[in-house]
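Below: the structure, in structure tokens.
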Amino acid sequence: MTRRVPNCWVCNVRARWLVTFTFAFAISNCANAQNYPAKPVRLIVPFPAGGGSDVVGRILAQKLGERFGQQVIVDNRAGAGGSIGTEAVVKAPPDGYTVVLASTSEIAINPGIYSKLNYDTVKDLAAVAMVASTPMVVIIHPTFPIASMRELVALAKAKPGAINVASSGAGTITHLSGELLRSMAGVTWTHVPYKGAPAALTDLASGQVQVMFSSLPAAMTFIKSHRVKPIAVSGRTRAESLPQTPTVIESGVPGYDVEYWYGIFAPAATPRDALTRLSDEIAASLKLPDMVNNLANQGAAPGRLTQIQFADFVKSEVVKWGGVVKSSGARAD
């Protein structure tokens, strides 16, 4: 029997080809990382123009555009409590050129609020960077006959369902933060959902509704122009931008603590190099004095977490708000 000897020349050619291909692929990846972004980046904001997410998104887009040398285009995709815009990023090509500025609402609350959400906020999205955080602020129409959170709770108990409380949409943080306080204080009022914060704030300022739980960035212009009046903030400490406004805890509801945060997310399969570049540039931007001041003017503080810390934080927030949604019984569908 004749024993066949492998064709060593062919094997050597294949080996050399494999080494060359691997080397070229590595060089290509390195070049892509160095060149990213090589074209404009689309930043989806899943709420209408003028809201808190839009304000923070445009502040970040301008600074990133300067650092990248590429335009960062803000694309408002509102609807379904921020789910429509967020889902658009989940389904976008995972190349780093489509990202979303999502918040507590879209990432941590919506999984519990919507029974048929078409994506998993932890598995289908990569947490890139925390951009900013802010307490919620409880605001009222200036002619509403109360002056504090204690008086609001007392009136709600005396007249169950009589107070109209606006939100930027069913299932958003503006809705759930109110639901959390309502359940903790043992009161009843009427929830009035709007399609975004601007419409809700406008109706509050005109007296169509009496109360709203709003993010500070969305409400600051209305507060500064005295079109609405702040009576409490949701954090454990008072907000630097509203030092005279007490916390909800100070106002007689112990344990009430809500932080609203904004972060950048990309499709889960986005290359690590692109995610790292995004994270690094955002972190660098958040240390710049003008960026800090711009956020402070909106009542927000720069994100304080690393990329790994932010990813872990997001997971814990999903668990936390899932519990709040379940206990409140709130549903958006």
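Just so we're on the same page: first chain in the structure tokens is A, next is B, and so on; residues restart at 1 for each chain, and ligands are numbered from 1 in the order they show up.
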
| message | Need to verify the contact set: region 297-299 of chain A, 7 Å, only C-alpha atoms, exclusion of same-chain residues closer than 6 positions in sequence. Can you return it as a ChimeraX atom specification? | response | /A:134,216-217,220,241

File of the preceding selection, N, CA and C atoms, as a PDB file, in the first residue's frame:
ATOM      1  N   THR A 134     -29.391  63.907  37.990  1.00  0.00           N
ATOM      2  CA  THR A 134     -30.122  65.025  38.579  1.00  0.00           C
ATOM      3  C   THR A 134     -31.243  64.489  39.453  1.00  0.00           C
ATOM      4  N   LEU A 216     -34.911  68.103  36.538  1.00  0.00           N
ATOM      5  CA  LEU A 216     -34.491  69.505  36.662  1.00  0.00           C
ATOM      6  C   LEU A 216     -34.137  70.148  35.315  1.00  0.00           C
ATOM      7  N   PRO A 217     -33.377  69.457  34.432  1.00  0.00           N
ATOM      8  CA  PRO A 217     -33.044  70.100  33.155  1.00  0.00           C
ATOM      9  C   PRO A 217     -34.266  70.544  32.361  1.00  0.00           C
ATOM     10  N   MET A 220     -35.959  73.742  34.479  1.00  0.00           N
ATOM     11  CA  MET A 220     -35.216  74.917  34.925  1.00  0.00           C
ATOM     12  C   MET A 220     -35.652  76.219  34.250  1.00  0.00           C
ATOM     13  N   SER A 241     -28.557  73.904  42.509  1.00  0.00           N
ATOM     14  CA  SER A 241     -29.224  74.934  41.720  1.00  0.00           C
ATOM     15  C   SER A 241     -30.517  75.432  42.358  1.00  0.00           C
TER      16      SER A 241
END

*Determine which residues of region 187-273 of chain A DSSP labels as strand (DSSP E or B) from the backbone of this structure, then write them out as a PyMOL selection string.*
chain A and resi 190-193+211-215+229-233+247+259-267

Counting only C-alpha atoms, which residues of region 114-226 of chain A fall within 10 Å of region 277-289 of chain A, and what is the closest atom pair for each with its distance in Å at one decimal, ordered by chain and rising number, as JSON lines?
{"residue": "A:Ala127", "atom": "CA", "partner": "A:Ser279", "partner_atom": "CA", "distance": 9.3}
{"residue": "A:Val128", "atom": "CA", "partner": "A:Ser279", "partner_atom": "CA", "distance": 5.5}
{"residue": "A:Ala129", "atom": "CA", "partner": "A:Ser279", "partner_atom": "CA", "distance": 5.5}
{"residue": "A:Met130", "atom": "CA", "partner": "A:Ile282", "partner_atom": "CA", "distance": 8.6}
{"residue": "A:Val131", "atom": "CA", "partner": "A:Ile282", "partner_atom": "CA", "distance": 7.4}
{"residue": "A:Ala132", "atom": "CA", "partner": "A:Leu286", "partner_atom": "CA", "distance": 8.7}

Go ahead and write the selection's residues with N, CA and C atoms as a compact mmCIF listing (two decimals), in the first residue's frame.
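result_38.txt written:
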# COMPACT_ATOMS: atom_id res chain seq x y z
N ALA A 127 -23.67 49.64 27.71
CA ALA A 127 -23.62 50.88 28.49
C ALA A 127 -22.25 51.54 28.26
N VAL A 128 -22.25 52.70 27.64
CA VAL A 128 -21.00 53.36 27.27
C VAL A 128 -20.51 54.33 28.34
N ALA A 129 -21.39 55.22 28.80
CA ALA A 129 -20.96 56.24 29.76
C ALA A 129 -22.16 56.90 30.43
N MET A 130 -22.05 57.14 31.73
CA MET A 130 -23.04 57.99 32.40
C MET A 130 -22.69 59.43 32.07
N VAL A 131 -23.66 60.18 31.57
CA VAL A 131 -23.43 61.56 31.16
C VAL A 131 -23.74 62.54 32.27
N ALA A 132 -24.88 62.36 32.92
CA ALA A 132 -25.30 63.30 33.95
C ALA A 132 -26.32 62.66 34.86

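Proximity of A:Ala219, A:Ala266, A:Ala158, A:Leu180 to Gly85 (chain A), computed with only C-alpha atoms, is greatest for A:Ala266.
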
Find the residues around Ser234 (chain A) up to 7 Å (only C-alpha atoms counted), leave out those fewer than 5 positions away in its own chain, and share them as a PDB file with C-alpha atoms, in the first residue's frame.
ATOM      1  CA  PRO A 135     -32.803  64.808  41.221  1.00  0.00           C
ATOM      2  CA  MET A 136     -36.427  65.142  40.203  1.00  0.00           C
ATOM      3  CA  VAL A 137     -38.191  68.343  41.201  1.00  0.00           C
ATOM      4  CA  THR A 247     -35.996  67.517  49.803  1.00  0.00           C
ATOM      5  CA  VAL A 248     -39.049  65.271  49.872  1.00  0.00           C
ATOM      6  CA  TYR A 256     -37.989  58.844  49.357  1.00  0.00           C
ATOM      7  CA  ASP A 257     -34.865  59.066  47.187  1.00  0.00           C
ATOM      8  CA  VAL A 258     -34.948  59.245  43.385  1.00  0.00           C
TER       9      VAL A 258
END

Need the shell around region 196-203 of chain A: protein/DNA/RNA residues with any atom at most 9 Å away, counting only C-alpha atoms. Skip same-chain ones fewer than 2 positions apart. Format as an NGL selection string? :A and (47-52 or 78-79 or 81 or 166-169 or 174 or 192-194 or 205-210 or 212 or 214-215 or 218-219 or 222 or 228)

Handout entry: Expected answer as JSON, numbers by chain: alpha helix (DSSP H) residues in region 52-282 of chain A
Key = {"A": [52, 53, 54, 55, 56, 57, 58, 59, 60, 61, 62, 63, 64, 65, 66, 67, 68, 83, 84, 85, 86, 87, 88, 89, 90, 104, 110, 111, 112, 113, 149, 150, 151, 152, 153, 154, 155, 156, 157, 158, 173, 174, 175, 176, 177, 178, 179, 180, 181, 182, 183, 184, 185, 197, 198, 199, 200, 201, 202, 203, 204, 205, 216, 217, 218, 219, 220, 221, 222, 223, 224, 272, 273, 274, 275, 276, 277, 278, 279, 280, 281, 282]}

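The coordinates place CA of Val211 (chain A) at 25.2 Å from CA of Val45 (chain A).
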
Residue contacts of Ala126 (chain A) (6 Å, only C-alpha atoms) excluding same-chain residues fewer than 6 positions away, as a PDB file with C-alpha atoms, in the first residue's frame:
ATOM      1  CA  PHE A 265     -25.792  53.371  24.990  1.00  0.00           C
ATOM      2  CA  ALA A 266     -24.860  51.596  21.757  1.00  0.00           C
ATOM      3  CA  PRO A 267     -25.902  48.307  20.130  1.00  0.00           C
ATOM      4  CA  ALA A 268     -24.441  45.420  22.128  1.00  0.00           C
TER       5      ALA A 268
END

What separates CA of Ala311 (chain A) and CA of Asn294 (chain A) is a distance of 25.2 Å

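Take CA of Pro302 (chain A) and CA of Ser53 (chain A): the distance between them is 13.8 Å.
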
With distances taken over only C-alpha atoms, the candidate from A:Ala38, A:Ala185, A:Leu125, A:Ile113 nearest Lys315 (chain A) is A:Leu125

Kindly assemble as JSON lines a list of the region 302-326 of chain A residues that lie within 12 Å of region 86-109 of chain A, each paired with its nearest atom pair and their distance in Å to one decimal, using only C-alpha atoms, sorted first by chain and then by ascending residue number.
{"residue": "A:Ala311", "atom": "CA", "partner": "A:Ile107", "partner_atom": "CA", "distance": 11.4}
{"residue": "A:Phe313", "atom": "CA", "partner": "A:Ala108", "partner_atom": "CA", "distance": 10.3}
{"residue": "A:Val314", "atom": "CA", "partner": "A:Ala108", "partner_atom": "CA", "distance": 7.2}
{"residue": "A:Lys315", "atom": "CA", "partner": "A:Ala108", "partner_atom": "CA", "distance": 8.1}
{"residue": "A:Ser316", "atom": "CA", "partner": "A:Ala108", "partner_atom": "CA", "distance": 8.7}
{"residue": "A:Glu317", "atom": "CA", "partner": "A:Ala108", "partner_atom": "CA", "distance": 5.6}
{"residue": "A:Val318", "atom": "CA", "partner": "A:Ala108", "partner_atom": "CA", "distance": 4.1}
{"residue": "A:Val319", "atom": "CA", "partner": "A:Ala108", "partner_atom": "CA", "distance": 7.6}
{"residue": "A:Lys320", "atom": "CA", "partner": "A:Ala108", "partner_atom": "CA", "distance": 7.9}
{"residue": "A:Trp321", "atom": "CA", "partner": "A:Ile109", "partner_atom": "CA", "distance": 5.5}
{"residue": "A:Gly322", "atom": "CA", "partner": "A:Ile109", "partner_atom": "CA", "distance": 6.4}
{"residue": "A:Gly323", "atom": "CA", "partner": "A:Ile109", "partner_atom": "CA", "distance": 9.5}
{"residue": "A:Val324", "atom": "CA", "partner": "A:Ile109", "partner_atom": "CA", "distance": 8.6}
{"residue": "A:Val325", "atom": "CA", "partner": "A:Ile109", "partner_atom": "CA", "distance": 7.3}
{"residue": "A:Lys326", "atom": "CA", "partner": "A:Ile109", "partner_atom": "CA", "distance": 10.4}

Export of prior selection with C-alpha atoms as a short mmCIF file (atom, residue, chain, number, x, y, z; two decimals), in the first residue's frame:
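Written out: selection.cif:
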data_model
loop_
_atom_site.label_atom_id
_atom_site.label_comp_id
_atom_site.auth_asym_id
_atom_site.auth_seq_id
_atom_site.Cartn_x
_atom_site.Cartn_y
_atom_site.Cartn_z
CA ALA A 311 -22.66 48.95 33.33
CA PHE A 313 -25.04 50.44 38.00
CA VAL A 314 -27.47 50.00 35.10
CA LYS A 315 -28.07 46.38 36.08
CA SER A 316 -28.82 47.40 39.68
CA GLU A 317 -31.20 50.15 38.50
CA VAL A 318 -33.17 47.66 36.38
CA VAL A 319 -33.69 45.55 39.49
CA LYS A 320 -34.57 48.54 41.69
CA TRP A 321 -37.14 50.10 39.38
CA GLY A 322 -38.57 46.73 38.46
CA GLY A 323 -39.52 46.42 42.12
CA VAL A 324 -41.03 49.93 42.18
CA VAL A 325 -43.13 49.20 39.10
CA LYS A 326 -44.35 45.91 40.53
#
